[in-house]
>>> print(open('query21.cif').read())   # mmCIF, C-alpha atoms; chains and numbers go by the auth columns
data_start
#
loop_
_atom_site.group_PDB
_atom_site.id
_atom_site.type_symbol
_atom_site.label_atom_id
_atom_site.label_comp_id
_atom_site.label_asym_id
_atom_site.label_seq_id
_atom_site.Cartn_x
_atom_site.Cartn_y
_atom_site.Cartn_z
_atom_site.B_iso_or_equiv
_atom_site.auth_seq_id
_atom_site.auth_asym_id
ATOM 1 C CA MET A 1 243.508 70.677 -15.716 0.00 2 V
ATOM 2 C CA LEU A 2 246.457 72.060 -17.663 0.00 3 V
ATOM 3 C CA THR A 3 246.500 71.063 -21.327 0.00 4 V
ATOM 4 C CA GLU A 4 249.659 71.622 -23.345 0.00 5 V
ATOM 5 C CA ILE A 5 249.552 71.539 -27.138 0.00 6 V
ATOM 6 C CA GLU A 6 252.448 71.445 -29.581 0.00 7 V
ATOM 7 C CA LEU A 7 251.794 71.202 -33.314 0.00 8 V
ATOM 8 C CA HIS A 8 253.675 71.751 -36.561 0.00 9 V
ATOM 9 C CA GLY A 9 252.621 72.264 -40.178 0.00 10 V
ATOM 10 C CA LEU A 10 249.601 74.477 -39.557 0.00 11 V
ATOM 11 C CA SER A 11 248.498 77.544 -41.474 0.00 12 V
ATOM 12 C CA PRO A 12 249.564 80.677 -39.584 0.00 13 V
ATOM 13 C CA ARG A 13 246.277 81.792 -38.005 0.00 14 V
ATOM 14 C CA ALA A 14 243.844 81.014 -35.204 0.00 15 V
ATOM 15 C CA HIS A 15 242.734 77.387 -34.896 0.00 16 V
ATOM 16 C CA ALA A 16 239.859 75.947 -32.900 0.00 17 V
ATOM 17 C CA ILE A 17 240.887 73.116 -30.594 0.00 18 V
ATOM 18 C CA MET A 18 238.205 70.956 -29.007 0.00 19 V
ATOM 19 C CA LEU A 19 237.849 67.666 -27.182 0.00 20 V
ATOM 20 C CA HIS A 20 235.498 65.178 -28.831 0.00 21 V
ATOM 21 C CA THR A 21 233.629 62.192 -27.422 0.00 22 V
ATOM 22 C CA THR A 22 235.453 59.225 -29.009 0.00 23 V
ATOM 23 C CA ALA A 23 239.106 58.113 -29.213 0.00 24 V
ATOM 24 C CA SER A 24 238.994 57.571 -32.967 0.00 25 V
ATOM 25 C CA CYS A 25 240.936 59.529 -35.576 0.00 26 V
ATOM 26 C CA ASP A 26 240.126 58.138 -39.015 0.00 27 V
ATOM 27 C CA PRO A 27 241.575 60.539 -41.623 0.00 28 V
ATOM 28 C CA LYS A 28 239.551 58.801 -44.362 0.00 29 V
ATOM 29 C CA LYS A 29 236.434 60.118 -42.603 0.00 30 V
ATOM 30 C CA SER A 30 237.932 63.611 -42.089 0.00 31 V
ATOM 31 C CA PHE A 31 238.218 62.773 -38.372 0.00 32 V
ATOM 32 C CA THR A 32 234.424 62.717 -37.946 0.00 33 V
ATOM 33 C CA SER A 33 234.955 59.332 -36.252 0.00 34 V
ATOM 34 C CA ALA A 34 235.959 61.376 -33.177 0.00 35 V
ATOM 35 C CA GLY A 35 232.274 62.218 -32.716 0.00 36 V
ATOM 36 C CA PRO A 36 230.806 65.517 -31.516 0.00 37 V
ATOM 37 C CA ASP A 37 232.289 67.969 -29.006 0.00 38 V
ATOM 38 C CA LEU A 38 232.614 66.536 -25.513 0.00 39 V
ATOM 39 C CA SER A 39 229.640 67.433 -23.334 0.00 40 V
ATOM 40 C CA PHE A 40 228.469 65.937 -20.062 0.00 41 V
ATOM 41 C CA GLU A 41 225.052 67.567 -20.389 0.00 42 V
ATOM 42 C CA PRO A 42 223.138 66.942 -23.650 0.00 43 V
ATOM 43 C CA THR A 43 221.487 70.381 -23.599 0.00 44 V
ATOM 44 C CA THR A 44 224.744 72.349 -23.319 0.00 45 V
ATOM 45 C CA LEU A 45 225.500 74.431 -26.411 0.00 46 V
ATOM 46 C CA HIS A 46 228.851 74.981 -28.094 0.00 47 V
ATOM 47 C CA GLY A 47 230.685 78.230 -27.510 0.00 48 V
ATOM 48 C CA PHE A 48 232.006 80.489 -24.801 0.00 49 V
ATOM 49 C CA LEU A 49 229.749 83.371 -25.899 0.00 50 V
ATOM 50 C CA VAL A 50 226.488 81.409 -26.116 0.00 51 V
ATOM 51 C CA LYS A 51 223.845 81.339 -23.389 0.00 52 V
ATOM 52 C CA GLY A 52 223.829 77.728 -22.236 0.00 53 V
ATOM 53 C CA GLY A 53 227.465 77.127 -23.227 0.00 54 V
ATOM 54 C CA PRO A 54 230.241 76.183 -23.349 0.00 55 V
ATOM 55 C CA ARG A 55 230.562 72.423 -23.651 0.00 56 V
ATOM 56 C CA ALA A 56 233.230 70.620 -21.632 0.00 57 V
ATOM 57 C CA GLY A 57 235.292 70.034 -24.780 0.00 58 V
ATOM 58 C CA ASP A 58 235.362 73.679 -25.851 0.00 59 V
ATOM 59 C CA LEU A 59 238.879 75.090 -25.513 0.00 60 V
ATOM 60 C CA PRO A 60 240.017 78.597 -26.459 0.00 61 V
ATOM 61 C CA ASN A 61 241.417 79.285 -29.914 0.00 62 V
ATOM 62 C CA GLN A 62 245.168 78.841 -30.270 0.00 63 V
ATOM 63 C CA PHE A 63 247.389 80.621 -32.775 0.00 64 V
ATOM 64 C CA ALA A 64 249.936 79.116 -35.157 0.00 65 V
ATOM 65 C CA ALA A 65 253.006 81.245 -35.856 0.00 66 V
ATOM 66 C CA GLY A 66 254.238 82.238 -39.319 0.00 67 V
ATOM 67 C CA ASP A 67 256.347 79.068 -39.497 0.00 68 V
ATOM 68 C CA GLY A 68 253.287 76.866 -38.843 0.00 69 V
ATOM 69 C CA THR A 69 254.192 75.950 -35.265 0.00 70 V
ATOM 70 C CA LEU A 70 251.788 76.170 -32.383 0.00 71 V
ATOM 71 C CA HIS A 71 252.778 75.781 -28.763 0.00 72 V
ATOM 72 C CA ALA A 72 250.131 76.624 -26.215 0.00 73 V
ATOM 73 C CA SER A 73 248.953 75.895 -22.710 0.00 74 V
ATOM 74 C CA THR A 74 245.375 76.271 -21.562 0.00 75 V
ATOM 75 C CA ILE A 75 243.700 75.549 -18.258 0.00 76 V
ATOM 76 C CA THR A 76 240.168 74.286 -17.676 0.00 77 V
ATOM 77 C CA ASN A 77 238.074 72.671 -14.963 0.00 78 V
ATOM 78 C CA ALA A 78 235.455 71.451 -17.463 0.00 79 V
ATOM 79 C CA PHE A 79 236.870 67.899 -17.518 0.00 80 V
ATOM 80 C CA THR A 80 239.318 65.713 -15.629 0.00 81 V
ATOM 81 C CA LEU A 81 241.693 62.833 -16.274 0.00 82 V
ATOM 82 C CA GLY A 82 241.181 61.666 -12.680 0.00 83 V
ATOM 83 C CA ASN A 83 237.981 60.492 -11.070 0.00 84 V
ATOM 84 C CA GLY A 84 234.506 61.984 -10.848 0.00 85 V
ATOM 85 C CA LYS A 85 231.617 63.184 -12.998 0.00 86 V
ATOM 86 C CA LYS A 86 233.848 65.100 -15.410 0.00 87 V
ATOM 87 C CA LEU A 87 236.107 62.155 -16.267 0.00 88 V
ATOM 88 C CA ILE A 88 236.780 61.916 -20.010 0.00 89 V
ATOM 89 C CA PHE A 89 237.758 58.249 -19.901 0.00 90 V
ATOM 90 C CA ASP A 90 234.714 56.167 -20.696 0.00 91 V
ATOM 91 C CA ARG A 91 234.608 52.973 -22.782 0.00 92 V
ATOM 92 C CA ASP A 92 235.654 54.746 -25.987 0.00 93 V
ATOM 93 C CA GLY A 93 238.003 57.482 -24.696 0.00 94 V
ATOM 94 C CA ALA A 94 238.163 60.965 -26.205 0.00 95 V
ATOM 95 C CA SER A 95 239.988 62.855 -28.951 0.00 96 V
ATOM 96 C CA ILE A 96 241.457 66.299 -29.392 0.00 97 V
ATOM 97 C CA ILE A 97 240.655 67.942 -32.720 0.00 98 V
ATOM 98 C CA VAL A 98 242.278 70.904 -34.450 0.00 99 V
ATOM 99 C CA ASN A 99 240.154 72.792 -36.976 0.00 100 V
ATOM 100 C CA ALA A 100 241.303 74.782 -40.016 0.00 101 V
ATOM 101 C CA ARG A 101 240.076 78.121 -38.630 0.00 102 V
ATOM 102 C CA GLY A 102 239.361 79.768 -35.323 0.00 103 V
ATOM 103 C CA ASP A 103 236.169 79.230 -33.347 0.00 104 V
ATOM 104 C CA ASP A 104 233.778 82.202 -33.346 0.00 105 V
ATOM 105 C CA TYR A 105 232.447 80.894 -29.990 0.00 106 V
ATOM 106 C CA THR A 106 228.802 81.203 -31.082 0.00 107 V
ATOM 107 C CA THR A 107 227.978 79.238 -34.273 0.00 108 V
ATOM 108 C CA GLN A 108 226.467 75.788 -33.681 0.00 109 V
ATOM 109 C CA PRO A 109 227.689 73.085 -33.598 0.00 110 V
ATOM 110 C CA ASP A 110 231.398 73.903 -34.086 0.00 111 V
ATOM 111 C CA GLY A 111 231.956 77.648 -34.011 0.00 112 V
ATOM 112 C CA GLY A 112 232.273 77.895 -37.790 0.00 113 V
ATOM 113 C CA ALA A 113 235.823 76.585 -37.427 0.00 114 V
ATOM 114 C CA GLY A 114 235.911 74.731 -40.727 0.00 115 V
ATOM 115 C CA PRO A 115 237.201 71.236 -41.440 0.00 116 V
ATOM 116 C CA ARG A 116 238.926 69.063 -38.889 0.00 117 V
ATOM 117 C CA ILE A 117 242.594 69.020 -39.926 0.00 118 V
ATOM 118 C CA ALA A 118 244.338 67.139 -37.098 0.00 119 V
ATOM 119 C CA CYS A 119 243.290 64.603 -34.492 0.00 120 V
ATOM 120 C CA GLY A 120 244.859 62.851 -31.522 0.00 121 V
ATOM 121 C CA THR A 121 243.300 60.179 -29.326 0.00 122 V
ATOM 122 C CA ILE A 122 243.316 60.428 -25.552 0.00 123 V
ATOM 123 C CA ILE A 123 243.164 57.082 -23.779 0.00 124 V
ATOM 124 C CA ARG A 124 243.927 55.941 -20.256 0.00 125 V
ATOM 125 C CA ASN A 125 247.010 53.766 -20.136 0.00 126 V
ATOM 126 C CA VAL A 126 246.628 50.771 -17.825 0.00 127 V
ATOM 127 C CA ALA A 127 250.012 49.602 -16.569 0.00 128 V
ATOM 128 C CA PRO A 128 250.830 45.882 -16.118 0.00 129 V
ATOM 129 C CA GLY A 129 249.084 44.551 -13.043 0.00 130 V
ATOM 130 C CA GLY A 130 246.020 46.724 -13.661 0.00 131 V
ATOM 131 C CA ARG A 131 247.427 49.954 -12.176 0.00 132 V
ATOM 132 C CA LYS A 132 246.230 53.018 -14.047 0.00 133 V
ATOM 133 C CA GLY A 133 249.102 55.035 -15.421 0.00 134 V
ATOM 134 C CA ALA A 134 249.381 58.404 -17.058 0.00 135 V
ATOM 135 C CA PRO A 135 247.144 59.135 -20.036 0.00 136 V
ATOM 136 C CA ARG A 136 248.643 58.102 -23.325 0.00 137 V
ATOM 137 C CA ARG A 137 248.202 60.216 -26.417 0.00 138 V
ATOM 138 C CA LYS A 138 248.228 58.764 -29.883 0.00 139 V
ATOM 139 C CA HIS A 139 248.702 61.282 -32.668 0.00 140 V
ATOM 140 C CA THR A 140 247.361 60.963 -36.191 0.00 141 V
#
>>> encode(input="query21.cif", output="structure tokens")
Amino acid sequence: MLTEIELHGLSPRAHAIMLHTTASCDPKKSFTSAGPDLSFEPTTLHGFLVKGGPRAGDLPNQFAAGDGTLHASTITNAFTLGNGKKLIFDRDGASIIVNARGDDYTTQPDGGAGPRIACGTIIRNVAPGGRKGAPRRKHT
């Protein structure tokens, strides 16, 4: 799965980017409405450097340039937009969260990445007639 990310207005530094369990981005709740990191196994720990990790929603840190822009591509087989056990589209969708700082890949539950500063929902778009279309992203 190739994930492309383009953001503006960030602090120039590393930022943690993770998928979360719910397609909800309420800024009044500091985006905590997006739920915890996406995980298909409840015992899986957060972080690439932790025994028993990473969770399906853990993505590598991405870096914002001096002008606050971030354009990145990352590849993972930890989840899918298609069919199967690793499908992220359940009844309440999923979200992608950007944190204020980079992920240290070890600290539980969020890599010490600081507050959630941006959120986008990921939902499956169902075309007229019931045909499933491409995923639709809603940015907040």
>>> resolve_selection(input="query21.cif", expression="the PyMOL selection byres ((chain V and resi 35) around 10)", output="list in words")
Leu20, His21, Thr22, Thr23, Ala24, Ser25, Cys26, Asp27, Lys30, Ser31, Phe32, Thr33, Ser34, Gly36, Pro37, Asp38, Leu39, Asp93, Gly94, Ala95, Ser96, Ile97, Ile98, Cys120, Gly121 and Thr122 of chain V
>>> atom_distance(input="query21.cif", atom1="CA of Gly53 (chain V)", atom2="CA of Asn84 (chain V)")
24.9 Å
>>> atom_distance(input="query21.cif", atom1="CA of Gly112 (chain V)", atom2="CA of Ser40 (chain V)")
15.0 Å
>>> resolve_selection(input="query21.cif", expression="the PyMOL selection byres ((chain V and resi 101) around 6)", output="PyMOL selection string")
chain V and resi 16+100+102+115-116+118
>>> resolve_selection(input="query21.cif", expression="the PyMOL selection byres ((chain V and resi 74) around 8)", output="ChimeraX atom specification")
/V:3-6,72-73,75-76
>>> write_last_selection(input="query21.cif", atoms="C-alpha atoms", output="mmCIF file, in the coordinates of the input")
data_model
loop_
_atom_site.group_PDB
_atom_site.id
_atom_site.type_symbol
_atom_site.label_atom_id
_atom_site.label_comp_id
_atom_site.auth_asym_id
_atom_site.auth_seq_id
_atom_site.Cartn_x
_atom_site.Cartn_y
_atom_site.Cartn_z
ATOM 1 C CA LEU V 3 246.457 72.060 -17.663
ATOM 2 C CA THR V 4 246.500 71.063 -21.327
ATOM 3 C CA GLU V 5 249.659 71.622 -23.345
ATOM 4 C CA ILE V 6 249.552 71.539 -27.138
ATOM 5 C CA HIS V 72 252.778 75.781 -28.763
ATOM 6 C CA ALA V 73 250.131 76.624 -26.215
ATOM 7 C CA THR V 75 245.375 76.271 -21.562
ATOM 8 C CA ILE V 76 243.700 75.549 -18.258
#
>>> axis_aligned_box(input="query21.cif", around="region 21-34 of chain V", padding_each_side="6 Å", output="lines of an AutoDock Vina configuration file")
center_x = 237.6
center_y = 61.4
center_z = -35.9
size_x = 19.9
size_y = 19.6
size_z = 28.9
>>> atom_distance(input="query21.cif", atom1="CA of Ala17 (chain V)", atom2="CA of Gly113 (chain V)")
9.2 Å
>>> closest_residue(input="query21.cif", among="V:Arg92, V:His47, V:Arg14, V:Arg125", to="Asp68 (chain V)", atoms="only C-alpha atoms")
V:Arg14
>>> residues_near_point(input="query21.cif", point="(224.0, 74.6, -34.9)", cutoff="12 Å", atoms="only C-alpha atoms", output="JSON, numbers by chain")
{"V": [37, 45, 46, 47, 48, 51, 106, 107, 108, 109, 110, 111, 112, 113]}
>>> decode(input="query21.cif", residues="region 74-112 of chain V", atoms="C-alpha atoms", output="CSV table (one decimal), in the first residue's frame")
chain,number,residue,atom,x,y,z
V,74,SER,CA,5.4,8.7,0.2
V,75,THR,CA,5.6,5.6,2.4
V,76,ILE,CA,4.8,2.0,1.6
V,77,THR,CA,3.4,-0.6,4.0
V,78,ASN,CA,1.7,-3.9,3.9
V,79,ALA,CA,0.3,-3.5,7.5
V,80,PHE,CA,-3.2,-2.5,6.2
V,81,THR,CA,-5.2,-2.5,3.0
V,82,LEU,CA,-7.9,-0.5,1.4
V,83,GLY,CA,-9.1,-3.6,-0.5
V,84,ASN,CA,-10.4,-6.8,1.0
V,85,GLY,CA,-9.1,-9.1,3.7
V,86,LYS,CA,-8.1,-9.2,7.4
V,87,LYS,CA,-6.1,-6.0,7.2
V,88,LEU,CA,-8.9,-3.9,5.8
V,89,ILE,CA,-9.2,-0.5,7.5
V,90,PHE,CA,-12.8,0.1,6.5
V,91,ASP,CA,-15.0,-1.1,9.3
V,92,ARG,CA,-18.3,0.6,10.4
V,93,ASP,CA,-16.5,3.7,11.7
V,94,GLY,CA,-13.6,4.1,9.1
V,95,ALA,CA,-10.1,5.3,10.1
V,96,SER,CA,-8.2,8.5,10.4
V,97,ILE,CA,-4.7,9.7,9.7
V,98,ILE,CA,-3.1,11.8,12.5
V,99,VAL,CA,-0.1,14.1,12.4
V,100,ASN,CA,1.7,14.8,15.7
V,101,ALA,CA,3.7,17.9,16.7
V,102,ARG,CA,6.9,15.9,17.0
V,103,GLY,CA,8.6,12.8,15.7
V,104,ASP,CA,7.9,9.3,17.0
V,105,ASP,CA,10.7,7.8,19.0
V,106,TYR,CA,9.4,4.4,18.0
V,107,THR,CA,9.5,3.0,21.5
V,108,THR,CA,7.5,5.1,24.0
V,109,GLN,CA,3.9,3.8,24.7
V,110,PRO,CA,1.3,4.5,23.5
V,111,ASP,CA,2.3,7.1,20.9
V,112,GLY,CA,6.1,7.3,20.6
